[in-house]
$ cat protein.cif   # mmCIF, C-alpha atoms
data_start
loop_
_atom_site.label_atom_id
_atom_site.label_comp_id
_atom_site.auth_asym_id
_atom_site.auth_seq_id
_atom_site.Cartn_x
_atom_site.Cartn_y
_atom_site.Cartn_z
CA MET A 1 164.03 90.86 146.72
CA SER A 2 167.05 89.39 144.92
CA GLU A 3 166.71 87.59 141.63
CA SER A 4 165.68 83.93 141.54
CA ILE A 5 168.44 81.34 141.28
CA LYS A 6 169.65 80.58 137.76
CA ASN A 7 171.39 77.22 138.10
CA ARG A 8 170.52 73.75 139.35
CA SER A 9 172.30 72.15 142.28
CA GLU A 10 172.33 68.87 144.19
CA ILE A 11 172.70 68.33 147.92
CA LEU A 12 174.22 65.44 149.84
CA PHE A 13 173.78 65.54 153.62
CA LEU A 14 174.97 63.04 156.23
CA TYR A 15 174.25 63.16 159.94
CA ASP A 16 174.20 60.62 162.74
CA ILE A 17 172.25 59.98 165.90
CA LYS A 18 173.08 58.05 169.08
CA ASP A 19 170.68 56.50 171.59
CA ALA A 20 167.65 58.35 170.25
CA ASN A 21 164.80 58.21 167.74
CA PRO A 22 165.47 60.19 164.54
CA ASN A 23 161.93 59.93 163.17
CA GLY A 24 159.13 58.04 164.91
CA ASP A 25 156.29 56.39 163.01
CA PRO A 26 152.96 57.47 164.60
CA LEU A 27 151.27 54.42 163.04
CA ASP A 28 153.72 52.06 164.75
CA GLU A 29 153.87 53.25 168.38
CA ASN A 30 156.29 56.02 167.33
CA LYS A 31 159.09 53.51 166.77
CA PRO A 32 162.02 54.56 164.55
CA ARG A 33 161.18 53.86 160.91
CA ILE A 34 163.03 50.76 159.71
CA ASP A 35 162.75 48.90 156.42
CA GLU A 36 161.78 45.42 157.65
CA GLU A 37 163.57 43.62 154.83
CA THR A 38 166.88 45.50 154.78
CA ARG A 39 167.01 46.78 158.39
CA ILE A 40 167.88 50.21 157.03
CA ASN A 41 166.71 53.21 159.08
CA ILE A 42 164.41 55.59 157.19
CA VAL A 43 163.83 59.29 157.92
CA THR A 44 161.16 61.16 155.97
CA ASP A 45 161.86 64.31 153.99
CA VAL A 46 159.10 65.93 156.06
CA ARG A 47 161.24 65.47 159.20
CA LEU A 48 164.21 67.20 157.56
CA LYS A 49 162.02 70.06 156.31
CA ARG A 50 160.60 70.47 159.83
CA THR A 51 164.14 70.72 161.19
CA ILE A 52 164.94 73.46 158.68
CA ARG A 53 161.68 75.34 159.29
CA ASP A 54 162.11 75.29 163.07
CA TYR A 55 165.67 76.55 162.83
CA LEU A 56 164.77 79.43 160.49
CA MET A 57 161.83 80.43 162.68
CA ASN A 58 163.39 80.01 166.13
CA PHE A 59 167.02 80.94 165.50
CA LYS A 60 166.86 83.33 162.53
CA ASN A 61 163.48 84.94 163.31
CA ILE A 62 162.26 84.33 159.76
CA ASP A 63 158.55 83.89 159.09
CA ILE A 64 157.37 80.52 157.80
CA PHE A 65 154.00 79.39 156.52
CA VAL A 66 153.80 75.91 158.01
CA LYS A 67 153.67 76.42 161.75
CA GLU A 68 151.26 75.83 164.63
CA ILE A 69 149.23 78.91 165.53
CA ILE A 70 146.53 79.05 168.22
CA TYR A 71 143.94 81.59 167.13
CA ASP A 72 141.36 81.77 169.94
CA LYS A 73 140.91 81.45 173.72
CA GLU A 74 139.67 77.87 173.36
CA GLY A 75 143.06 76.80 172.02
CA HIS A 76 141.95 75.99 168.48
CA ILE A 77 144.80 75.62 165.98
CA GLN A 78 144.71 77.26 162.57
CA ASP A 79 144.14 75.06 159.57
CA ALA A 80 145.86 75.84 156.26
CA LYS A 81 142.91 77.87 154.96
CA LEU A 82 142.98 80.22 157.95
CA ARG A 83 146.76 80.46 157.82
CA ALA A 84 146.61 81.48 154.16
CA LYS A 85 144.33 84.41 155.00
CA ASP A 86 147.02 85.76 157.35
CA PHE A 87 148.82 86.81 154.19
CA VAL A 88 146.14 89.07 152.73
CA GLY A 89 147.77 92.46 152.23
CA LEU A 90 149.00 95.00 149.75
CA ILE A 91 152.18 94.29 147.81
CA GLY A 92 153.53 94.99 144.37
CA ASN A 93 151.70 97.11 141.82
CA GLU A 94 148.16 95.73 141.75
CA GLU A 95 145.57 97.69 139.88
CA ILE A 96 143.60 100.25 141.91
CA GLU A 97 140.51 98.06 141.76
CA GLY A 98 142.47 95.12 143.14
CA LYS A 99 143.85 97.21 145.97
CA GLU A 100 140.37 98.36 146.92
CA VAL A 101 139.14 94.77 146.98
CA ILE A 102 142.02 93.63 149.18
CA ASN A 103 141.55 96.57 151.54
CA LYS A 104 137.89 95.74 151.93
CA PHE A 105 138.63 92.08 152.58
CA LYS A 106 141.24 92.97 155.22
CA LYS A 107 138.66 95.12 156.99
CA GLY A 108 136.15 92.26 156.99
CA GLU A 109 133.85 93.73 154.36
CA LYS A 110 132.05 91.43 151.94
CA ILE A 111 133.35 91.10 148.39
CA SER A 112 131.91 89.99 145.07
CA LYS A 113 132.50 86.43 143.84
CA LYS A 114 134.39 87.74 140.82
CA TYR A 115 137.09 89.15 143.13
CA VAL A 116 137.89 85.82 144.83
CA GLU A 117 140.67 85.26 142.28
CA VAL A 118 142.12 88.70 143.08
CA ILE A 119 142.38 87.75 146.75
CA LYS A 120 143.86 84.35 145.85
CA ASN A 121 146.58 85.90 143.71
CA ASN A 122 147.34 88.48 146.39
CA ILE A 123 147.71 85.80 149.06
CA THR A 124 149.98 83.74 146.79
CA GLN A 125 152.23 86.73 146.09
CA ASN A 126 152.46 87.61 149.77
CA ILE A 127 153.22 84.06 150.84
CA THR A 128 156.10 83.70 148.39
CA LYS A 129 157.42 87.11 149.43
CA LYS A 130 157.19 86.61 153.19
CA ALA A 131 157.42 82.84 153.89
CA ILE A 132 160.82 81.30 153.13
CA ASP A 133 159.56 77.73 153.53
CA ILE A 134 157.16 78.25 150.62
CA ARG A 135 159.96 79.66 148.47
CA LEU A 136 162.00 76.57 149.33
CA PHE A 137 159.54 73.70 149.54
CA GLY A 138 156.39 75.00 147.87
CA ALA A 139 152.89 74.02 148.99
CA THR A 140 149.32 73.48 147.96
CA ILE A 141 147.60 76.43 149.62
CA PRO A 142 143.86 75.84 150.13
CA LEU A 143 141.46 78.77 150.28
CA GLU A 144 137.83 78.89 151.30
CA PHE A 145 135.44 81.82 151.10
CA SER A 146 132.29 81.49 153.19
CA LYS A 147 128.89 82.99 152.39
CA GLU A 148 129.55 85.54 155.14
CA GLU A 149 132.49 86.86 153.12
CA ILE A 150 130.72 87.11 149.75
CA VAL A 151 128.18 89.75 148.71
CA GLU A 152 126.13 87.45 146.46
CA LYS A 153 124.06 84.66 147.96
CA ILE A 154 125.95 81.36 147.79
CA SER A 155 124.74 78.01 149.12
CA ASN A 156 128.18 76.45 149.57
CA PRO A 157 131.60 77.94 150.41
CA ILE A 158 133.82 78.80 147.45
CA LYS A 159 136.86 76.52 147.58
CA LEU A 160 140.02 76.81 145.53
CA ALA A 161 143.76 76.25 145.89
CA ALA A 162 147.06 77.70 144.77
CA THR A 163 149.77 75.13 144.02
CA LEU A 164 153.45 76.05 144.14
CA THR A 165 156.02 73.37 143.32
CA GLY A 166 158.97 73.64 145.69
CA PRO A 167 162.41 74.06 144.12
CA ALA A 168 164.15 72.26 147.01
CA GLN A 169 163.11 68.63 147.27
CA PHE A 170 164.63 65.71 149.18
CA ARG A 171 164.31 61.96 149.00
CA MET A 172 163.69 60.06 152.19
CA GLY A 173 166.89 59.75 154.17
CA ARG A 174 168.35 56.27 154.66
CA SER A 175 171.06 54.96 156.94
CA LEU A 176 174.25 53.77 155.25
CA HIS A 177 174.12 50.59 157.32
CA LYS A 178 171.72 48.21 159.02
CA VAL A 179 170.54 49.40 162.42
CA GLU A 180 169.60 47.77 165.68
CA LEU A 181 166.36 48.65 167.46
CA LYS A 182 166.46 48.80 171.26
CA HIS A 183 163.38 48.75 173.49
CA ILE A 184 163.97 50.57 176.77
CA LYS A 185 161.85 50.46 179.92
CA GLY A 186 162.14 52.75 182.91
CA THR A 187 160.26 54.36 185.76
CA GLY A 188 158.76 57.83 185.86
CA ALA A 189 159.03 60.41 188.60
CA PHE A 190 155.37 60.37 189.66
CA ALA A 191 152.92 57.88 191.07
CA SER A 192 150.70 56.02 188.63
CA LYS A 193 147.56 57.44 190.30
CA LYS A 194 146.42 59.23 193.41
CA GLY A 195 147.24 57.21 196.52
CA ALA A 196 149.43 54.74 194.63
CA THR A 197 152.72 53.55 196.11
CA GLN A 198 154.33 52.74 192.75
CA LYS A 199 155.70 55.07 190.11
CA THR A 200 154.59 55.03 186.49
CA PHE A 201 156.51 52.99 183.94
CA ARG A 202 157.70 54.34 180.61
CA GLU A 203 158.76 52.52 177.46
CA GLU A 204 160.45 53.75 174.31
CA ASP A 205 162.28 52.52 171.23
CA ILE A 206 165.63 53.98 170.20
CA LEU A 207 168.50 53.34 167.83
CA PRO A 208 171.93 53.00 169.49
CA TYR A 209 173.41 54.46 166.30
CA SER A 210 172.40 55.49 162.78
CA LEU A 211 174.37 57.32 160.09
CA ILE A 212 171.73 58.81 157.80
CA CYS A 213 172.14 60.13 154.27
CA PHE A 214 169.80 62.61 152.53
CA TYR A 215 169.85 63.53 148.84
CA GLY A 216 168.18 66.61 147.39
CA ILE A 217 167.88 68.77 144.28
CA ILE A 218 167.31 72.51 143.96
CA ASN A 219 165.45 73.06 140.69
CA GLU A 220 166.07 76.42 139.06
CA ASN A 221 162.90 76.17 136.94
CA ALA A 222 160.56 75.84 139.92
CA ALA A 223 162.54 78.63 141.62
CA GLN A 224 161.21 81.11 139.06
CA HIS A 225 157.67 80.55 140.39
CA THR A 226 158.45 80.72 144.12
CA HIS A 227 161.16 83.38 143.66
CA LEU A 228 163.81 81.36 145.50
CA THR A 229 167.05 83.36 145.81
CA GLU A 230 170.69 82.52 146.50
CA ASP A 231 170.28 84.04 149.96
CA ASP A 232 167.40 81.63 150.60
CA VAL A 233 169.58 78.69 149.54
CA LEU A 234 172.35 79.75 151.95
CA LEU A 235 169.75 79.82 154.73
CA LEU A 236 168.56 76.37 153.64
CA LEU A 237 172.09 74.99 154.01
CA GLU A 238 172.51 76.68 157.37
CA GLY A 239 169.16 75.26 158.47
CA ILE A 240 170.19 71.75 157.44
CA TRP A 241 173.47 71.90 159.38
CA ASN A 242 172.69 74.03 162.41
CA GLY A 243 169.07 72.92 162.59
CA THR A 244 170.18 69.31 162.97
CA LYS A 245 172.77 70.27 165.58
CA ASN A 246 170.21 72.26 167.56
CA LEU A 247 167.59 69.52 167.86
CA ILE A 248 168.06 69.25 171.60
CA SER A 249 164.78 67.65 172.57
CA ARG A 250 164.79 64.43 174.59
CA SER A 251 163.99 62.21 171.59
CA LYS A 252 166.34 63.97 169.14
CA PHE A 253 169.32 64.94 171.33
CA GLY A 254 172.46 63.31 169.97
CA GLN A 255 172.09 64.26 166.30
CA ILE A 256 175.29 65.63 164.75
CA PRO A 257 175.72 66.90 161.16
CA ARG A 258 178.69 65.14 159.57
CA LEU A 259 178.90 66.16 155.91
CA LEU A 260 177.10 68.67 153.69
CA LEU A 261 178.00 68.85 150.01
CA LYS A 262 176.31 70.99 147.35
CA VAL A 263 177.20 70.59 143.68
CA ASN A 264 176.43 73.69 141.61
CA TYR A 265 176.02 73.16 137.87
CA LYS A 266 176.66 75.59 135.05
CA GLU A 267 175.02 73.52 132.29
CA GLU A 268 171.32 74.32 131.90
CA ASN A 269 168.80 71.75 133.18
CA TYR A 270 171.54 69.28 134.14
CA HIS A 271 172.38 67.29 137.23
CA LEU A 272 174.16 64.01 137.91
CA GLY A 273 171.57 62.35 140.16
CA ASP A 274 171.88 59.63 142.83
CA LEU A 275 174.77 61.23 144.69
CA ASP A 276 173.61 59.37 147.80
CA LYS A 277 174.47 56.08 146.07
CA LEU A 278 178.08 57.16 145.64
CA VAL A 279 179.12 57.36 149.30
CA LYS A 280 179.44 54.14 151.30
CA ILE A 281 180.94 52.83 154.49
CA LYS A 282 184.35 51.46 153.61
CA ASN A 283 184.68 47.66 153.87
CA ILE A 284 181.12 47.39 155.17
CA GLU A 285 181.05 43.73 154.14
CA ASN A 286 183.58 43.04 156.91
CA ILE A 287 181.69 44.99 159.58
CA GLN A 288 178.83 43.87 161.78
CA GLU A 289 176.68 46.80 160.69
CA GLU A 290 174.12 46.70 163.50
CA LYS A 291 176.88 46.99 166.08
CA ILE A 292 178.31 50.32 164.84
CA ARG A 293 178.10 52.78 167.71
CA ASP A 294 180.16 55.82 166.69
CA ILE A 295 181.46 57.69 163.66
CA ASP A 296 185.04 56.91 164.82
CA GLU A 297 184.45 53.23 164.11
CA ILE A 298 183.99 53.68 160.35
CA GLU A 299 185.56 55.34 157.32
CA LEU A 300 183.52 56.64 154.41
CA ASP A 301 184.38 55.63 150.85
CA ALA A 302 183.74 58.51 148.42
CA SER A 303 185.82 57.18 145.52
CA GLU A 304 182.79 56.75 143.22
CA LEU A 305 181.59 60.27 144.04
CA VAL A 306 185.02 61.76 143.30
CA GLU A 307 185.22 59.82 140.04
CA ILE A 308 181.84 60.98 138.70
CA LEU A 309 182.48 64.59 139.73
CA ASN A 310 185.77 64.56 137.86
CA LYS A 311 184.17 63.04 134.76
CA ASN A 312 181.64 65.86 134.72
CA LYS A 313 183.95 68.71 135.71
CA GLU A 314 183.08 70.72 132.59
CA LYS A 315 179.44 70.87 133.68
CA ILE A 316 180.14 71.79 137.32
CA GLY A 317 180.49 75.43 138.33
CA SER A 318 181.58 74.84 141.93
CA ILE A 319 181.16 72.65 144.99
CA ASP A 320 180.22 73.89 148.47
CA LEU A 321 181.41 71.69 151.30
CA LYS A 322 181.33 71.35 155.09
CA ILE A 323 182.72 68.33 156.96
CA ASN A 324 182.68 67.57 160.67
CA ASN A 325 186.24 67.05 161.95
CA ARG A 326 185.49 63.53 163.26
CA VAL A 327 184.50 62.18 159.83
CA LYS A 328 187.04 60.02 158.00
CA ILE A 329 186.52 60.61 154.27
CA ASN A 330 188.87 61.30 151.38
CA LEU A 331 187.71 63.93 148.91
CA GLU A 332 191.17 65.14 147.95
CA GLY A 333 190.94 63.52 144.53
CA ILE A 334 188.41 66.07 143.24
CA ASN A 335 189.89 67.75 140.16
CA ALA A 336 191.66 71.02 140.91
CA THR A 337 189.73 72.78 138.14
CA ILE A 338 186.51 72.38 140.16
CA LYS A 339 186.21 75.33 142.52
CA MET A 340 185.72 74.23 146.15
CA ASN A 341 184.05 76.57 148.64
CA ASP A 342 184.02 76.01 152.40
CA LEU A 343 180.57 76.51 153.91
CA VAL A 344 180.81 78.69 157.02
CA PHE A 345 177.95 79.04 159.50
#
$ encode --input "protein.cif" --output "structure tokens"
Amino acid sequence: MSESIKNRSEILFLYDIKDANPNGDPLDENKPRIDEETRINIVTDVRLKRTIRDYLMNFKNIDIFVKEIIYDKEGHIQDAKLRAKDFVGLIGNEEIEGKEVINKFKKGEKISKKYVEVIKNNITQNITKKAIDIRLFGATIPLEFSKEEIVEKISNPIKLAATLTGPAQFRMGRSLHKVELKHIKGTGAFASKKGATQKTFREEDILPYSLICFYGIINENAAQHTHLTEDDVLLLLEGIWNGTKNLISRSKFGQIPRLLLKVNYKEENYHLGDLDKLVKIKNIENIQEEKIRDIDEIELDASELVEILNKNKEKIGSIDLKINNRVKINLEGINATIKMNDLVF
């Protein structure tokens, strides 16, 4: 595996959605999440991470830890403790004793209580080696050893957890404007019940339009523990862009990535912060925000972002950038001494 990343970076990601629900709230009839006071649309970081995970698993055939797995004929779904045990296996240069313990455990043989930590460490190493989502986002990995798995007599299962802080973390995404919630009613294709003459009715809540902004940081210190590499980060960026574009389910169809910017720093333990506060809709005070219906109707103002990047040009190694061709934004003022790289995927 390649070396872990050495430098910190920040991510700014904008995408929009039309006539759909970017992130339903299961505690509120799955309506789009909206701040009641500001009328700003909210999308959780969990939704974005799910988008990335699904893309890496379904389009890149890369194994991830957090996924739904049915493990028996009754259709039971694995919990996190069972999923963790999928990663028991030999890697690295464990001591001979440790290898023997892991081999026994894989074969279903009982082990001594003192070797529980050996199995835990082995699982943790395997997960970070094999599961890209753990290298990116980290996890608290619970483990449980039952009395059937331990040689000594124990009255209660042995429970413990391995905690890995994820290097790549995102704030909740927020729309750059107030949104309008629409409640839609329609009819289904089937009868409401056997013998009925009427079809079923369906209801849903959508947003006619929302331009959503996410902000994230990739922390090089946490990357040393999960072994996050530059190749992993490139896959993260691809997952953000193409994962969003490939959400073609009924509730998510209509999401388009608009801008992805990654600022790479060369100064140790440094980042600017709050990049999402530096991009706005131009002249928004003169626009009826809730009535925006397309990216063509607005222009983005990045003057504050350009200014702060230029002020800190000595601390910036490079900037990676991808912009959708329908977005109106002026980034030409970025100082020529800052290396600009076009993201291609």
$ closest_residue --input "protein.cif" --among "A:Asn264, A:Asn310, A:Ser318, A:Thr51" --to "Glu238 of chain A" --atoms "all atoms listed in the file"
A:Thr51
$ residues_near_point --input "protein.cif" --point "(167.5, 82.0, 155.9)" --cutoff "6 Å" --atoms "all atoms listed in the file" --output "list in words"
Leu56, Asp232 and Leu235 of chain A
$ write_last_selection --input "protein.cif" --atoms "C-alpha atoms" --output "PDB file, keeping the file's coordinate frame"
ATOM      1  CA  LEU A  56     164.770  79.430 160.490  1.00  0.00           C
ATOM      2  CA  ASP A 232     167.400  81.630 150.600  1.00  0.00           C
ATOM      3  CA  LEU A 235     169.750  79.820 154.730  1.00  0.00           C
TER       4      LEU A 235
END
$ closest_residue --input "protein.cif" --among "A:Ile132, A:Ile281, A:Asn246, A:Lys266" --to "Met57 of chain A" --atoms "all atoms listed in the file"
A:Ile132
$ resolve_selection --input "protein.cif" --expression "the PyMOL selection byres ((chain A and resi 48) around 12)" --output "PDB file with C-alpha atoms, in the coordinates of the input"
ATOM      1  CA  PHE A  13     173.780  65.540 153.620  1.00  0.00           C
ATOM      2  CA  LEU A  14     174.970  63.040 156.230  1.00  0.00           C
ATOM      3  CA  TYR A  15     174.250  63.160 159.940  1.00  0.00           C
ATOM      4  CA  PRO A  22     165.470  60.190 164.540  1.00  0.00           C
ATOM      5  CA  ASN A  23     161.930  59.930 163.170  1.00  0.00           C
ATOM      6  CA  ILE A  42     164.410  55.590 157.190  1.00  0.00           C
ATOM      7  CA  VAL A  43     163.830  59.290 157.920  1.00  0.00           C
ATOM      8  CA  THR A  44     161.160  61.160 155.970  1.00  0.00           C
ATOM      9  CA  ASP A  45     161.860  64.310 153.990  1.00  0.00           C
ATOM     10  CA  VAL A  46     159.100  65.930 156.060  1.00  0.00           C
ATOM     11  CA  ARG A  47     161.240  65.470 159.200  1.00  0.00           C
ATOM     12  CA  LYS A  49     162.020  70.060 156.310  1.00  0.00           C
ATOM     13  CA  ARG A  50     160.600  70.470 159.830  1.00  0.00           C
ATOM     14  CA  THR A  51     164.140  70.720 161.190  1.00  0.00           C
ATOM     15  CA  ILE A  52     164.940  73.460 158.680  1.00  0.00           C
ATOM     16  CA  ARG A  53     161.680  75.340 159.290  1.00  0.00           C
ATOM     17  CA  ASP A  54     162.110  75.290 163.070  1.00  0.00           C
ATOM     18  CA  TYR A  55     165.670  76.550 162.830  1.00  0.00           C
ATOM     19  CA  PHE A 137     159.540  73.700 149.540  1.00  0.00           C
ATOM     20  CA  ALA A 168     164.150  72.260 147.010  1.00  0.00           C
ATOM     21  CA  GLN A 169     163.110  68.630 147.270  1.00  0.00           C
ATOM     22  CA  PHE A 170     164.630  65.710 149.180  1.00  0.00           C
ATOM     23  CA  ARG A 171     164.310  61.960 149.000  1.00  0.00           C
ATOM     24  CA  MET A 172     163.690  60.060 152.190  1.00  0.00           C
ATOM     25  CA  GLY A 173     166.890  59.750 154.170  1.00  0.00           C
ATOM     26  CA  ILE A 212     171.730  58.810 157.800  1.00  0.00           C
ATOM     27  CA  CYS A 213     172.140  60.130 154.270  1.00  0.00           C
ATOM     28  CA  PHE A 214     169.800  62.610 152.530  1.00  0.00           C
ATOM     29  CA  TYR A 215     169.850  63.530 148.840  1.00  0.00           C
ATOM     30  CA  GLY A 216     168.180  66.610 147.390  1.00  0.00           C
ATOM     31  CA  LEU A 236     168.560  76.370 153.640  1.00  0.00           C
ATOM     32  CA  LEU A 237     172.090  74.990 154.010  1.00  0.00           C
ATOM     33  CA  GLY A 239     169.160  75.260 158.470  1.00  0.00           C
ATOM     34  CA  ILE A 240     170.190  71.750 157.440  1.00  0.00           C
ATOM     35  CA  TRP A 241     173.470  71.900 159.380  1.00  0.00           C
ATOM     36  CA  ASN A 242     172.690  74.030 162.410  1.00  0.00           C
ATOM     37  CA  GLY A 243     169.070  72.920 162.590  1.00  0.00           C
ATOM     38  CA  THR A 244     170.180  69.310 162.970  1.00  0.00           C
ATOM     39  CA  LEU A 247     167.590  69.520 167.860  1.00  0.00           C
TER      40      LEU A 247
END
$ atom_distance --input "protein.cif" --atom1 "atom CA of His227 of chain A" --atom2 "atom CA of Asn7 of chain A"
13.2 Å
$ closest_residue --input "protein.cif" --among "A:Ile134, A:Ala161, A:Ala139, A:Ile154" --to "Asn121 of chain A" --atoms "only C-alpha atoms"
A:Ala161
$ atom_distance --input "protein.cif" --atom1 "atom CA of Ser249 of chain A" --atom2 "atom CA of Ala80 of chain A"
26.3 Å
$ resolve_selection --input "protein.cif" --expression "the PyMOL selection byres ((chain A and resi 160) around 12)" --output "MDAnalysis selection string"
chainID A and resid 81 84 116:117 119:121 140:146 157:159 161:163
$ closest_residue --input "protein.cif" --among "A:Lys315, A:Lys99, A:His177, A:Lys110" --to "Ile287 of chain A" --atoms "all atoms listed in the file"
A:His177
$ atom_distance --input "protein.cif" --atom1 "atom CA of Met340 of chain A" --atom2 "atom CA of Ile298 of chain A"
25.0 Å
$ residues_around --input "protein.cif" --residues "Leu321 of chain A" --least-positions-apart "4" --cutoff "8 Å" --atoms "all atoms listed in the file" --output "list of chain:residue names"
A:Leu259, A:Leu260, A:Leu261, A:Lys262, A:Met340, A:Asn341, A:Asp342, A:Leu343
$ residues_around --input "protein.cif" --residues "segment 33-39 of chain A" --least-positions-apart "5" --cutoff "6 Å" --atoms "all atoms listed in the file" --output "PyMOL selection string"
chain A and resi 25+178-179
$ resolve_selection --input "protein.cif" --expression "the PyMOL selection byres ((chain A and resi 313) around 10)" --output "compact mmCIF listing (two decimals) with C-alpha atoms, in the coordinates of the input"
# COMPACT_ATOMS: atom_id res chain seq x y z
CA TYR A 265 176.02 73.16 137.87
CA GLU A 307 185.22 59.82 140.04
CA ILE A 308 181.84 60.98 138.70
CA LEU A 309 182.48 64.59 139.73
CA ASN A 310 185.77 64.56 137.86
CA LYS A 311 184.17 63.04 134.76
CA ASN A 312 181.64 65.86 134.72
CA GLU A 314 183.08 70.72 132.59
CA LYS A 315 179.44 70.87 133.68
CA ILE A 316 180.14 71.79 137.32
CA GLY A 317 180.49 75.43 138.33
CA SER A 318 181.58 74.84 141.93
CA ILE A 334 188.41 66.07 143.24
CA ASN A 335 189.89 67.75 140.16
CA ALA A 336 191.66 71.02 140.91
CA THR A 337 189.73 72.78 138.14
CA ILE A 338 186.51 72.38 140.16
CA LYS A 339 186.21 75.33 142.52
